[in-house]
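S.K.: protein_11.cif is the file, holding mmCIF, C-alpha atoms:
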```
data_upload
#
loop_
_atom_site.label_atom_id
_atom_site.label_comp_id
_atom_site.auth_asym_id
_atom_site.auth_seq_id
_atom_site.Cartn_x
_atom_site.Cartn_y
_atom_site.Cartn_z
CA MET E 1 214.45 41.15 15.04
CA VAL E 2 212.40 44.27 15.78
CA ASP E 3 215.51 46.41 15.34
CA VAL E 4 216.24 44.75 12.00
CA GLN E 5 212.71 45.34 10.76
CA GLU E 6 212.95 48.98 11.82
CA ALA E 7 216.28 49.26 9.99
CA ILE E 8 214.73 47.84 6.82
CA THR E 9 211.77 50.21 7.08
CA ARG E 10 214.08 53.17 7.66
CA ALA E 11 216.33 52.12 4.77
CA HIS E 12 213.33 51.86 2.46
CA HIS E 13 212.20 55.33 3.46
CA GLU E 14 215.66 56.88 3.14
CA GLU E 15 217.31 54.90 0.35
CA TRP E 16 214.61 53.84 -2.14
CA ALA E 17 214.82 56.98 -4.25
CA ARG E 18 218.64 56.93 -4.21
CA VAL E 19 218.77 53.30 -5.35
CA VAL E 20 216.20 53.79 -8.10
CA ALA E 21 217.90 56.99 -9.27
CA SER E 22 221.31 55.33 -9.35
CA LEU E 23 220.02 52.42 -11.42
CA THR E 24 218.06 54.67 -13.74
CA ARG E 25 221.19 56.66 -14.50
CA ARG E 26 223.24 53.55 -15.20
CA PHE E 27 220.75 51.43 -17.11
CA GLY E 28 218.47 54.09 -18.57
CA ASP E 29 215.33 52.06 -17.93
CA LEU E 30 212.76 52.77 -15.21
CA ASP E 31 211.41 49.21 -15.37
CA ILE E 32 214.82 47.69 -14.70
CA ALA E 33 215.52 50.24 -11.97
CA GLU E 34 212.23 49.65 -10.17
CA GLU E 35 212.35 45.86 -10.34
CA ALA E 36 215.99 45.64 -9.27
CA ALA E 37 215.43 48.06 -6.38
CA ALA E 38 212.43 46.05 -5.18
CA GLU E 39 214.44 42.82 -5.41
CA SER E 40 217.30 44.33 -3.41
CA PHE E 41 214.94 45.26 -0.58
CA ALA E 42 213.37 41.79 -0.72
CA THR E 43 216.86 40.35 -0.39
CA ALA E 44 217.49 42.62 2.59
CA VAL E 45 214.33 41.30 4.26
CA ALA E 46 215.68 37.77 3.88
CA ARG E 47 219.36 38.42 4.62
CA TRP E 48 219.60 41.13 7.26
CA PRO E 49 217.85 39.18 10.03
CA VAL E 50 220.48 36.44 9.53
CA ASP E 51 223.60 38.41 8.58
CA GLY E 52 222.84 41.61 10.49
CA VAL E 53 222.25 45.12 9.22
CA PRO E 54 225.23 46.24 7.08
CA PRO E 55 227.23 49.27 8.22
CA ASN E 56 226.13 51.21 5.12
CA PRO E 57 222.63 50.01 4.20
CA GLY E 58 222.35 52.35 1.21
CA ALA E 59 225.57 51.09 -0.39
CA TRP E 60 224.57 47.47 0.27
CA LEU E 61 221.17 48.00 -1.35
CA THR E 62 222.65 49.81 -4.36
CA ILE E 63 225.26 47.12 -5.00
CA THR E 64 222.67 44.36 -4.63
CA ALA E 65 220.25 46.17 -6.92
CA ASN E 66 222.94 46.62 -9.57
CA ARG E 67 223.64 42.89 -9.49
CA LYS E 68 219.91 42.14 -9.78
CA ALA E 69 219.65 44.47 -12.78
CA ILE E 70 222.61 42.82 -14.51
CA ASP E 71 221.12 39.38 -13.85
CA ARG E 72 217.85 40.47 -15.42
CA ILE E 73 219.54 41.84 -18.52
CA ARG E 74 221.54 38.62 -18.93
CA ARG E 75 218.36 36.55 -18.63
CA GLU E 76 216.60 38.52 -21.32
CA ASN E 77 218.33 37.08 -24.34
CA LYS E 78 215.77 38.25 -26.88
CA ARG E 79 216.65 41.93 -26.90
CA ASP E 80 217.28 43.47 -30.29
CA ASP E 81 220.25 45.58 -29.36
CA LYS E 82 222.49 43.25 -27.35
CA GLN E 83 225.54 45.39 -27.89
CA LYS E 84 223.90 48.34 -26.19
CA GLU E 85 222.89 46.17 -23.26
CA ALA E 86 226.42 44.82 -22.99
CA GLN E 87 227.71 48.37 -22.71
CA MET E 88 225.33 48.90 -19.80
CA LEU E 89 226.95 46.02 -17.92
CA TYR E 90 230.41 47.48 -18.24
CA ASP E 91 229.75 51.19 -18.08
CA ASP E 92 233.19 52.76 -17.75
CA ASP E 93 232.23 56.05 -19.40
CA PRO E 94 232.63 59.08 -17.15
CA PRO E 95 229.31 60.38 -15.85
CA GLU E 96 227.78 63.21 -17.83
CA PRO E 97 227.81 66.66 -16.21
CA LEU E 98 225.02 66.90 -13.68
CA GLY E 99 224.21 70.49 -14.56
CA SER E 100 222.88 73.09 -12.15
CA ILE E 101 221.81 70.65 -9.45
CA ASP E 102 224.01 67.76 -8.40
CA ASP E 103 221.57 65.10 -7.23
CA GLU E 104 220.31 62.04 -9.09
CA ARG E 105 217.11 61.88 -7.07
CA LEU E 106 216.08 65.26 -8.41
CA ARG E 107 216.77 64.00 -11.93
CA LEU E 108 214.36 61.16 -11.20
CA ILE E 109 211.67 63.56 -9.97
CA PHE E 110 212.00 65.67 -13.12
CA THR E 111 211.81 62.55 -15.28
CA CYS E 112 208.62 61.38 -13.57
CA CYS E 113 207.12 64.88 -13.81
CA HIS E 114 207.90 65.47 -17.46
CA PRO E 115 205.22 67.63 -19.16
CA ALA E 116 204.75 64.94 -21.83
CA LEU E 117 202.85 62.93 -19.18
CA ALA E 118 199.36 63.71 -17.93
CA MET E 119 199.27 65.34 -14.50
CA GLU E 120 197.62 62.38 -12.73
CA THR E 121 200.21 60.08 -14.31
CA ARG E 122 203.03 62.31 -13.08
CA VAL E 123 201.66 62.11 -9.54
CA ALA E 124 201.31 58.33 -9.66
CA LEU E 125 204.73 57.75 -11.20
CA THR E 126 206.40 60.09 -8.70
CA LEU E 127 204.81 58.25 -5.79
CA ARG E 128 206.02 54.92 -7.14
CA MET E 129 209.50 55.69 -8.40
CA VAL E 130 210.55 58.42 -5.99
CA GLY E 131 208.28 57.92 -3.00
CA GLY E 132 208.49 54.14 -3.00
CA LEU E 133 204.76 53.64 -2.43
CA THR E 134 203.34 50.36 -3.67
CA VAL E 135 200.92 50.16 -6.58
CA PRO E 136 198.03 49.16 -4.24
CA GLU E 137 198.74 52.21 -2.04
CA ILE E 138 198.76 54.53 -5.04
CA ALA E 139 195.60 52.91 -6.42
CA ARG E 140 193.82 53.58 -3.13
CA ALA E 141 194.96 57.21 -3.22
CA PHE E 142 193.49 57.62 -6.70
CA LEU E 143 190.43 55.47 -5.93
CA VAL E 144 191.03 53.15 -8.87
CA GLN E 145 191.59 49.43 -9.22
CA GLU E 146 195.10 48.14 -8.57
CA THR E 147 195.31 46.71 -12.10
CA THR E 148 194.26 50.05 -13.57
CA MET E 149 196.95 51.90 -11.65
CA GLY E 150 199.55 49.29 -12.54
CA GLN E 151 198.73 49.72 -16.22
CA ARG E 152 198.86 53.51 -15.89
CA ILE E 153 202.33 53.41 -14.35
CA THR E 154 203.53 50.84 -16.89
CA ARG E 155 202.32 52.99 -19.79
CA ALA E 156 204.01 56.04 -18.30
CA LYS E 157 207.35 54.23 -18.06
CA ALA E 158 206.93 52.95 -21.61
CA LYS E 159 206.21 56.47 -22.86
CA ILE E 160 209.33 57.79 -21.13
CA LYS E 161 211.36 55.08 -22.85
CA ALA E 162 209.73 55.40 -26.29
CA ALA E 163 209.89 59.19 -26.32
CA ARG E 164 213.45 59.05 -25.02
CA ILE E 165 212.61 61.50 -22.26
CA PRO E 166 216.03 62.32 -20.82
CA TYR E 167 217.04 61.45 -17.29
CA ARG E 168 218.34 64.85 -16.35
CA VAL E 169 217.61 68.14 -14.71
CA PRO E 170 216.36 70.59 -17.36
CA SER E 171 218.66 73.19 -18.81
CA ALA E 172 218.97 76.48 -16.94
CA GLU E 173 216.48 78.29 -19.17
CA ASP E 174 213.88 75.51 -18.81
CA LEU E 175 214.40 74.91 -15.11
CA PRO E 176 211.91 77.46 -13.68
CA THR E 177 209.04 76.11 -15.76
CA ARG E 178 209.86 72.50 -14.97
CA VAL E 179 210.26 73.20 -11.26
CA SER E 180 206.77 74.68 -11.28
CA GLY E 181 205.43 71.43 -12.70
CA VAL E 182 207.19 69.36 -10.06
CA LEU E 183 205.85 71.55 -7.26
CA ALA E 184 202.32 71.25 -8.69
CA VAL E 185 202.63 67.45 -8.53
CA LEU E 186 203.87 67.49 -4.95
CA PHE E 187 201.10 69.91 -3.95
CA LEU E 188 198.49 67.51 -5.37
CA VAL E 189 200.07 64.58 -3.56
CA PHE E 190 200.00 66.48 -0.27
CA ASN E 191 196.40 67.61 -0.69
CA GLU E 192 195.26 64.06 -1.42
CA GLY E 193 196.84 62.97 1.84
CA TYR E 194 195.60 65.90 3.92
CA LEU E 195 191.97 65.42 2.92
CA ALA E 196 191.45 62.33 0.78
CA THR E 197 188.88 62.67 -1.97
CA GLY E 198 187.25 59.25 -1.73
CA PRO E 199 184.61 57.82 0.59
CA ASP E 200 186.32 54.45 1.06
CA THR E 201 189.70 55.61 2.32
CA ASP E 202 191.03 57.23 5.48
CA PRO E 203 190.01 60.91 5.45
CA VAL E 204 193.57 61.94 6.35
CA ARG E 205 196.50 59.92 4.98
CA HIS E 206 199.74 60.68 6.79
CA ASP E 207 201.74 58.45 4.44
CA LEU E 208 200.98 60.75 1.51
CA THR E 209 201.53 64.02 3.39
CA ALA E 210 204.82 62.69 4.77
CA GLU E 211 206.03 61.65 1.31
CA ALA E 212 205.13 65.02 -0.17
CA ILE E 213 206.97 66.85 2.61
CA ARG E 214 210.00 64.59 2.29
CA LEU E 215 210.27 65.16 -1.46
CA THR E 216 209.77 68.90 -1.08
CA ARG E 217 212.48 68.98 1.57
CA LEU E 218 214.76 67.24 -0.91
CA ILE E 219 214.15 69.90 -3.55
CA ARG E 220 214.47 72.64 -0.93
CA GLY E 221 217.89 71.33 0.05
CA LEU E 222 218.99 71.31 -3.57
CA MET E 223 217.37 74.62 -4.56
CA PRO E 224 217.63 76.76 -1.42
CA GLU E 225 217.21 80.05 -3.27
CA ASP E 226 213.92 79.16 -4.97
CA GLY E 227 211.14 81.09 -3.24
CA GLU E 228 208.28 78.90 -4.39
CA VAL E 229 210.02 75.72 -3.19
CA ALA E 230 210.41 77.34 0.23
CA GLY E 231 206.82 78.56 0.07
CA LEU E 232 205.43 75.13 -0.74
CA LEU E 233 207.44 73.52 2.05
CA ALA E 234 206.23 76.15 4.53
CA LEU E 235 202.64 75.65 3.37
CA MET E 236 202.91 71.88 3.84
CA LEU E 237 204.52 72.19 7.28
CA LEU E 238 201.95 74.66 8.60
CA THR E 239 199.13 72.48 7.28
CA GLU E 240 200.67 69.22 8.52
CA ALA E 241 201.10 70.76 11.98
CA ARG E 242 197.30 70.63 12.35
CA ARG E 243 196.85 67.09 11.04
CA THR E 244 196.19 65.31 14.35
CA THR E 245 193.42 67.78 15.20
CA ARG E 246 191.80 67.55 11.77
CA VAL E 247 189.48 64.60 12.50
CA SER E 248 187.71 63.88 15.79
CA ALA E 249 187.83 60.57 17.64
CA GLY E 250 184.40 59.86 16.19
CA GLY E 251 185.67 60.31 12.64
CA GLU E 252 184.20 63.76 11.98
CA LEU E 253 186.01 66.62 10.28
CA VAL E 254 187.10 69.33 12.73
CA THR E 255 187.23 72.77 11.14
CA LEU E 256 190.00 75.26 11.88
CA ASP E 257 187.92 77.33 14.29
CA GLU E 258 187.10 74.23 16.39
CA GLN E 259 190.55 72.64 16.50
CA ASP E 260 192.56 72.33 19.73
CA ARG E 261 195.39 74.72 18.94
CA GLY E 262 197.39 73.49 21.89
CA SER E 263 197.68 70.13 20.12
CA TRP E 264 199.20 71.53 16.95
CA ASP E 265 202.79 70.45 16.27
CA ALA E 266 204.75 73.43 17.58
CA ALA E 267 208.01 72.40 15.88
CA LEU E 268 206.36 72.27 12.44
CA VAL E 269 204.63 75.60 13.07
CA ASP E 270 207.91 77.22 14.08
CA GLU E 271 209.73 75.85 11.04
CA GLY E 272 206.96 76.99 8.71
CA HIS E 273 206.97 80.47 10.25
CA ARG E 274 210.75 80.72 9.83
CA LEU E 275 210.49 79.89 6.14
CA VAL E 276 207.75 82.49 5.63
CA LEU E 277 209.80 85.16 7.41
CA GLU E 278 212.87 84.25 5.35
CA ARG E 279 210.92 84.82 2.15
CA LEU E 280 209.54 88.13 3.43
CA ALA E 281 213.07 89.25 4.29
CA ALA E 282 214.25 88.34 0.78
CA GLY E 283 212.27 91.28 -0.57
CA VAL E 284 211.20 89.38 -3.71
CA ALA E 285 207.61 89.42 -4.95
CA PRO E 286 206.03 86.20 -3.65
CA GLY E 287 204.48 83.49 -5.78
CA ARG E 288 201.35 81.44 -5.21
CA TYR E 289 202.76 78.98 -2.68
CA GLN E 290 204.48 81.71 -0.69
CA ILE E 291 201.22 83.65 -0.33
CA LEU E 292 199.32 80.51 0.66
CA ALA E 293 202.01 79.82 3.25
CA ALA E 294 201.70 83.39 4.57
CA ILE E 295 197.93 82.94 4.94
CA ASN E 296 198.53 79.77 6.94
CA ALA E 297 201.17 81.57 9.01
CA VAL E 298 198.58 84.18 10.02
CA HIS E 299 196.13 81.43 11.01
CA THR E 300 198.71 79.53 13.04
CA SER E 301 199.98 82.69 14.74
CA ALA E 302 196.65 83.20 16.49
CA ARG E 303 196.40 81.48 19.88
CA ASP E 304 192.61 81.64 19.58
CA VAL E 305 190.45 81.89 16.48
CA ARG E 306 189.15 85.21 17.84
CA ASP E 307 192.69 86.59 17.64
CA THR E 308 192.98 85.90 13.89
CA ASP E 309 193.99 88.93 11.84
CA TRP E 310 191.30 88.61 9.18
CA SER E 311 192.18 91.90 7.53
CA GLN E 312 195.66 90.60 6.81
CA ILE E 313 194.25 87.34 5.47
CA VAL E 314 191.87 89.17 3.13
CA ALA E 315 194.76 91.34 1.92
CA LEU E 316 196.82 88.24 1.21
CA TYR E 317 193.92 86.66 -0.69
CA ASP E 318 193.63 89.86 -2.72
CA GLN E 319 197.30 89.51 -3.62
CA LEU E 320 196.83 85.82 -4.45
CA PHE E 321 193.78 86.52 -6.59
CA ARG E 322 195.82 88.90 -8.72
CA LEU E 323 198.19 85.99 -9.45
CA ASP E 324 195.54 83.28 -9.72
CA PRO E 325 192.06 84.71 -10.40
CA SER E 326 190.37 81.33 -10.01
CA PRO E 327 186.90 80.76 -8.53
CA MET E 328 188.41 78.59 -5.78
CA ILE E 329 190.61 81.47 -4.60
CA ALA E 330 187.57 83.74 -4.70
CA LEU E 331 185.62 81.23 -2.59
CA ASN E 332 188.35 80.96 0.02
CA ARG E 333 188.67 84.74 0.10
CA ALA E 334 184.93 85.01 0.74
CA VAL E 335 185.29 82.89 3.88
CA ALA E 336 187.75 85.45 5.24
CA VAL E 337 185.54 88.35 4.10
CA ALA E 338 182.69 86.87 6.15
CA GLU E 339 184.80 87.24 9.29
CA LEU E 340 185.85 90.78 8.43
CA ASP E 341 182.75 92.33 6.82
CA GLY E 342 180.00 89.90 7.79
CA PRO E 343 178.22 86.92 6.20
CA GLU E 344 175.88 89.01 4.05
CA VAL E 345 178.76 90.64 2.15
CA ALA E 346 180.47 87.27 1.76
CA LEU E 347 177.29 85.55 0.54
CA ALA E 348 176.93 88.07 -2.28
CA VAL E 349 180.44 87.13 -3.42
CA VAL E 350 179.81 83.40 -3.11
CA ASP E 351 176.52 83.49 -5.01
CA ARG E 352 178.32 84.98 -8.01
CA LEU E 353 180.49 81.83 -8.15
CA GLY E 354 177.58 79.42 -8.54
CA ASP E 355 177.89 78.96 -12.30
CA THR E 356 181.48 77.69 -12.04
CA LEU E 357 181.47 75.93 -8.65
CA ALA E 358 178.02 74.31 -8.57
CA GLY E 359 179.57 70.84 -8.73
CA TYR E 360 182.04 71.46 -5.89
CA HIS E 361 180.96 70.51 -2.38
CA ALA E 362 182.92 73.29 -0.65
CA TYR E 363 180.89 75.91 -2.52
CA HIS E 364 177.63 74.55 -1.13
CA ALA E 365 179.14 74.02 2.34
CA THR E 366 180.31 77.65 2.41
CA ARG E 367 176.89 78.90 1.28
CA ALA E 368 175.20 76.71 3.89
CA ASP E 369 177.31 78.17 6.68
CA LEU E 370 176.76 81.77 5.57
CA LEU E 371 173.00 81.22 5.25
CA ARG E 372 172.97 79.61 8.71
CA ARG E 373 174.68 82.66 10.19
CA LEU E 374 172.10 84.89 8.53
CA GLY E 375 169.24 82.88 10.07
CA ARG E 376 168.01 81.58 6.71
CA SER E 377 167.67 78.01 7.96
CA GLN E 378 165.57 76.54 5.15
CA GLU E 379 167.97 77.73 2.47
CA SER E 380 170.90 76.64 4.61
CA ARG E 381 169.48 73.13 4.94
CA ALA E 382 169.12 72.85 1.17
CA ALA E 383 172.70 73.97 0.69
CA TYR E 384 173.92 71.44 3.26
CA ASP E 385 172.02 68.71 1.40
CA GLU E 386 173.84 69.67 -1.80
CA ALA E 387 177.20 69.65 -0.01
CA ILE E 388 176.56 66.27 1.61
CA GLU E 389 175.67 64.74 -1.75
CA LEU E 390 178.92 65.98 -3.28
CA ALA E 391 181.22 65.49 -0.27
CA GLY E 392 184.26 63.31 -0.88
CA ASN E 393 184.89 61.41 2.34
CA THR E 394 183.22 60.17 5.48
CA ALA E 395 184.72 62.84 7.78
CA GLU E 396 183.32 65.69 5.73
CA THR E 397 179.97 63.98 5.34
CA ALA E 398 179.70 63.46 9.11
CA TYR E 399 180.55 67.09 9.82
CA LEU E 400 178.13 68.51 7.26
CA THR E 401 175.34 66.20 8.42
CA ARG E 402 175.73 67.32 12.03
CA ARG E 403 175.71 70.99 11.05
CA ARG E 404 172.58 70.50 8.95
CA ASP E 405 170.81 68.62 11.73
CA GLN E 406 171.59 71.40 14.21
CA LEU E 407 169.48 73.86 12.20
CA GLY E 408 166.22 74.94 13.79
#
```
Let's see the structure in the file written out as structure tokens.

M.R.:
Amino acid sequence: MVDVQEAITRAHHEEWARVVASLTRRFGDLDIAEEAAAESFATAVARWPVDGVPPNPGAWLTITANRKAIDRIRRENKRDDKQKEAQMLYDDDPPEPLGSIDDERLRLIFTCCHPALAMETRVALTLRMVGGLTVPEIARAFLVQETTMGQRITRAKAKIKAARIPYRVPSAEDLPTRVSGVLAVLFLVFNEGYLATGPDTDPVRHDLTAEAIRLTRLIRGLMPEDGEVAGLLALMLLTEARRTTRVSAGGELVTLDEQDRGSWDAALVDEGHRLVLERLAAGVAPGRYQILAAINAVHTSARDVRDTDWSQIVALYDQLFRLDPSPMIALNRAVAVAELDGPEVALAVVDRLGDTLAGYHAYHATRADLLRRLGRSQESRAAYDEAIELAGNTAETAYLTRRRDQLG
């Protein structure tokens, strides 16, 4: 029984997106695809313990889901265009050309990440339709009520249907722009898992980071020459390698300089480094994700925080800032500048960001640390208070509170 349950769990992880994508292509309706896929897995839960796990679980689930979809269409006898639905049941037309990338799961990702949808809706819909996460899981990730998230996903599917958003990979000329949008969604999903934004959820959510990595691996396998896909995957792997050292046993955030580097996942670090080196060898100007991955590669190359090559990190941030001159990049660069040129130089940079980052807890946390290092304890305490008030989750709050209370 345990083996069967593990087989069902593994099949859900590996086959959900394939089943949903297959049904979406055939029936052209995300609602039908999602419901039929869910019913096929429910049937597997009931049948496999009795009948045994089929030799090809994915084929079994796809066939069962197709039958469930046909049953649903036959039950719904109030549709306006019955002829069209009848054609769906007996679809003998040859499949349309798949275009530059031959994978239906990628079509599904591009459908869920269509620019006609708001960014937060793209993330939620991708998690549901491609990642297979439940509505309650997604609602917790977004810190909203389950009913609210359910309505959001339902409206997104309805918009895709009403606007006739095509289930396809974009044309060659549109592909680079659309890929960028997909990567932005996956980056947001990963970040939410790596350090959750809400106070009432686990500070680190492995389920979300694992889904983001899995989907990025999928795109990497289908688009092996795309530098930013490789860069995002490398960034995720090098960040994920540190996940188990990110929060202490007492539930407090552990910063990079305090983490046990011997406990980092060496296999993920090695894979991330290989991807970064491959992109360097390509001789092509790197994009945002590739530079972020390179910064993480420098961090994870140091056996001790004292061995970190801060001059290289600052140079990489300079390169990144030219691509993305955002205040957040400037703030992160200032942290590296503090290690290279001292906290006073870095504080001057950070203080200039106050007008744009005053509502962001990391700004105040960075100021607090720099002021602490300069011996300005009273000002540091005030900055810690601001950071604690704005902090997103319990792990960060615990860390910032301890640092504040350690001040003289």

S.K.: Nearest to E:Ala234 among E:Ala285, E:Leu61, E:Ala210, E:Leu292, with distances taken over only C-alpha atoms: which residue is it?

M.R.: E:Leu292

S.K.: Between atom CA of E:Asp355 and atom CA of E:Val335, what is the spacing in Å?

M.R.: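 Rounded to one decimal, the two atoms are 18.2 Å apart.
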
S.K.: In terms of the shortest atom-to-atom distance over only C-alpha atoms, which of E:Arg288, E:Thr300, E:Pro49, E:Thr245 is closest to E:Asp324?

M.R.: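 Selected residue with least distance to E:Asp324: E:Arg288.
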
S.K.: Give as a compact mmCIF listing (two decimals) with C-alpha atoms, keeping the file's coordinate frame the residues that the PyMOL selection byres ((chain E and resi 399) around 9) matches when applied to the coordinates above.

M.R.:
```
# COMPACT_ATOMS: atom_id res chain seq x y z
CA GLY E 251 185.67 60.31 12.64
CA GLU E 252 184.20 63.76 11.98
CA LEU E 253 186.01 66.62 10.28
CA VAL E 254 187.10 69.33 12.73
CA THR E 255 187.23 72.77 11.14
CA THR E 394 183.22 60.17 5.48
CA ALA E 395 184.72 62.84 7.78
CA GLU E 396 183.32 65.69 5.73
CA THR E 397 179.97 63.98 5.34
CA ALA E 398 179.70 63.46 9.11
CA LEU E 400 178.13 68.51 7.26
CA THR E 401 175.34 66.20 8.42
CA ARG E 402 175.73 67.32 12.03
CA ARG E 403 175.71 70.99 11.05
CA ARG E 404 172.58 70.50 8.95
```

S.K.: Name every residue that the PyMOL selection byres ((chain E and resi 35-38) around 6) selects in this structure, writing the answer as a count of residues only with chains first and numbers rising.

M.R.: 9

S.K.: Would you write out, as an MDAnalysis selection string, every residue that the PyMOL selection byres ((chain E and resi 17) around 8) captures in this file?

M.R.: chainID E and resid 14:16 18:21 105 129:132

S.K.: Which neighbours of E:Leu235 fall inside 12 Å, counting all atoms listed in the file, when residues of the same chain fewer than 2 positions from it are skipped, and could you give them as a PyMOL selection string?

M.R.: chain E and resi 183+186-187+190-191+209+212-213+216+228-233+237-242+268-269+271-276+288-300

S.K.: Could you tell me how far atom CA of E:Leu390 lies from atom CA of E:Tyr360, in Å and to one decimal?

M.R.: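 Going from atom CA of E:Leu390 over to atom CA of E:Tyr360, I get 6.8 Å.
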
S.K.: Between E:Pro55, E:Pro166, E:Pro115, E:Pro286, which residue has the minimum interatomic distance to E:Gly28, considering all atoms listed in the file?

M.R.: E:Pro166

S.K.: I'd like the contact shell of stretch 362-374 of chain E - 10 Å cut-off, only C-alpha atoms, skipping same-chain residues fewer than 5 positions apart - returned as an MDAnalysis selection string.

M.R.: chainID E and resid 327:328 331:332 334:335 338 342:348 350:351 353:354 356:357 379:388 390:391 396 400 403:404 406:408

S.K.: Could you write out the selected residues, including C-alpha atoms, as a PDB file, in the frame of the given file?

M.R.:
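again_17.pdb, freshly written:
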```pdb
ATOM      1  CA  PRO E 327     186.900  80.760  -8.530  1.00  0.00           C
ATOM      2  CA  MET E 328     188.410  78.590  -5.780  1.00  0.00           C
ATOM      3  CA  LEU E 331     185.620  81.230  -2.590  1.00  0.00           C
ATOM      4  CA  ASN E 332     188.350  80.960   0.020  1.00  0.00           C
ATOM      5  CA  ALA E 334     184.930  85.010   0.740  1.00  0.00           C
ATOM      6  CA  VAL E 335     185.290  82.890   3.880  1.00  0.00           C
ATOM      7  CA  ALA E 338     182.690  86.870   6.150  1.00  0.00           C
ATOM      8  CA  GLY E 342     180.000  89.900   7.790  1.00  0.00           C
ATOM      9  CA  PRO E 343     178.220  86.920   6.200  1.00  0.00           C
ATOM     10  CA  GLU E 344     175.880  89.010   4.050  1.00  0.00           C
ATOM     11  CA  VAL E 345     178.760  90.640   2.150  1.00  0.00           C
ATOM     12  CA  ALA E 346     180.470  87.270   1.760  1.00  0.00           C
ATOM     13  CA  LEU E 347     177.290  85.550   0.540  1.00  0.00           C
ATOM     14  CA  ALA E 348     176.930  88.070  -2.280  1.00  0.00           C
ATOM     15  CA  VAL E 350     179.810  83.400  -3.110  1.00  0.00           C
ATOM     16  CA  ASP E 351     176.520  83.490  -5.010  1.00  0.00           C
ATOM     17  CA  LEU E 353     180.490  81.830  -8.150  1.00  0.00           C
ATOM     18  CA  GLY E 354     177.580  79.420  -8.540  1.00  0.00           C
ATOM     19  CA  THR E 356     181.480  77.690 -12.040  1.00  0.00           C
ATOM     20  CA  LEU E 357     181.470  75.930  -8.650  1.00  0.00           C
ATOM     21  CA  GLU E 379     167.970  77.730   2.470  1.00  0.00           C
ATOM     22  CA  SER E 380     170.900  76.640   4.610  1.00  0.00           C
ATOM     23  CA  ARG E 381     169.480  73.130   4.940  1.00  0.00           C
ATOM     24  CA  ALA E 382     169.120  72.850   1.170  1.00  0.00           C
ATOM     25  CA  ALA E 383     172.700  73.970   0.690  1.00  0.00           C
ATOM     26  CA  TYR E 384     173.920  71.440   3.260  1.00  0.00           C
ATOM     27  CA  ASP E 385     172.020  68.710   1.400  1.00  0.00           C
ATOM     28  CA  GLU E 386     173.840  69.670  -1.800  1.00  0.00           C
ATOM     29  CA  ALA E 387     177.200  69.650  -0.010  1.00  0.00           C
ATOM     30  CA  ILE E 388     176.560  66.270   1.610  1.00  0.00           C
ATOM     31  CA  LEU E 390     178.920  65.980  -3.280  1.00  0.00           C
ATOM     32  CA  ALA E 391     181.220  65.490  -0.270  1.00  0.00           C
ATOM     33  CA  GLU E 396     183.320  65.690   5.730  1.00  0.00           C
ATOM     34  CA  LEU E 400     178.130  68.510   7.260  1.00  0.00           C
ATOM     35  CA  ARG E 403     175.710  70.990  11.050  1.00  0.00           C
ATOM     36  CA  ARG E 404     172.580  70.500   8.950  1.00  0.00           C
ATOM     37  CA  GLN E 406     171.590  71.400  14.210  1.00  0.00           C
ATOM     38  CA  LEU E 407     169.480  73.860  12.200  1.00  0.00           C
ATOM     39  CA  GLY E 408     166.220  74.940  13.790  1.00  0.00           C
TER      40      GLY E 408
END
```

S.K.: In Å to one decimal, how far is atom CA of E:Asp405 from atom CA of E:Arg352?

M.R.: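 Between these atoms lies a distance of 26.7 Å.
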
S.K.: Just want the 10 Å neighbourhood of E:Thr148, counted on only C-alpha atoms, with same-chain residues fewer than 6 positions away dropped. Output as a short mmCIF file (atom, residue, chain, number, x, y, z; two decimals) with C-alpha atoms, in the frame of the given file.

M.R.:
```cif
data_model
loop_
_atom_site.label_atom_id
_atom_site.label_comp_id
_atom_site.auth_asym_id
_atom_site.auth_seq_id
_atom_site.Cartn_x
_atom_site.Cartn_y
_atom_site.Cartn_z
CA VAL E 135 200.92 50.16 -6.58
CA ALA E 139 195.60 52.91 -6.42
CA THR E 154 203.53 50.84 -16.89
#
```

S.K.: Neighbouring residues of E:Asp3 were defined as those with any atom within 12 Å, considering all atoms listed in the file; residues of the same chain fewer than 5 positions away were excluded. Please report them as a PyMOL selection string.

M.R.: chain E and resi 8-10+48-49+52-53
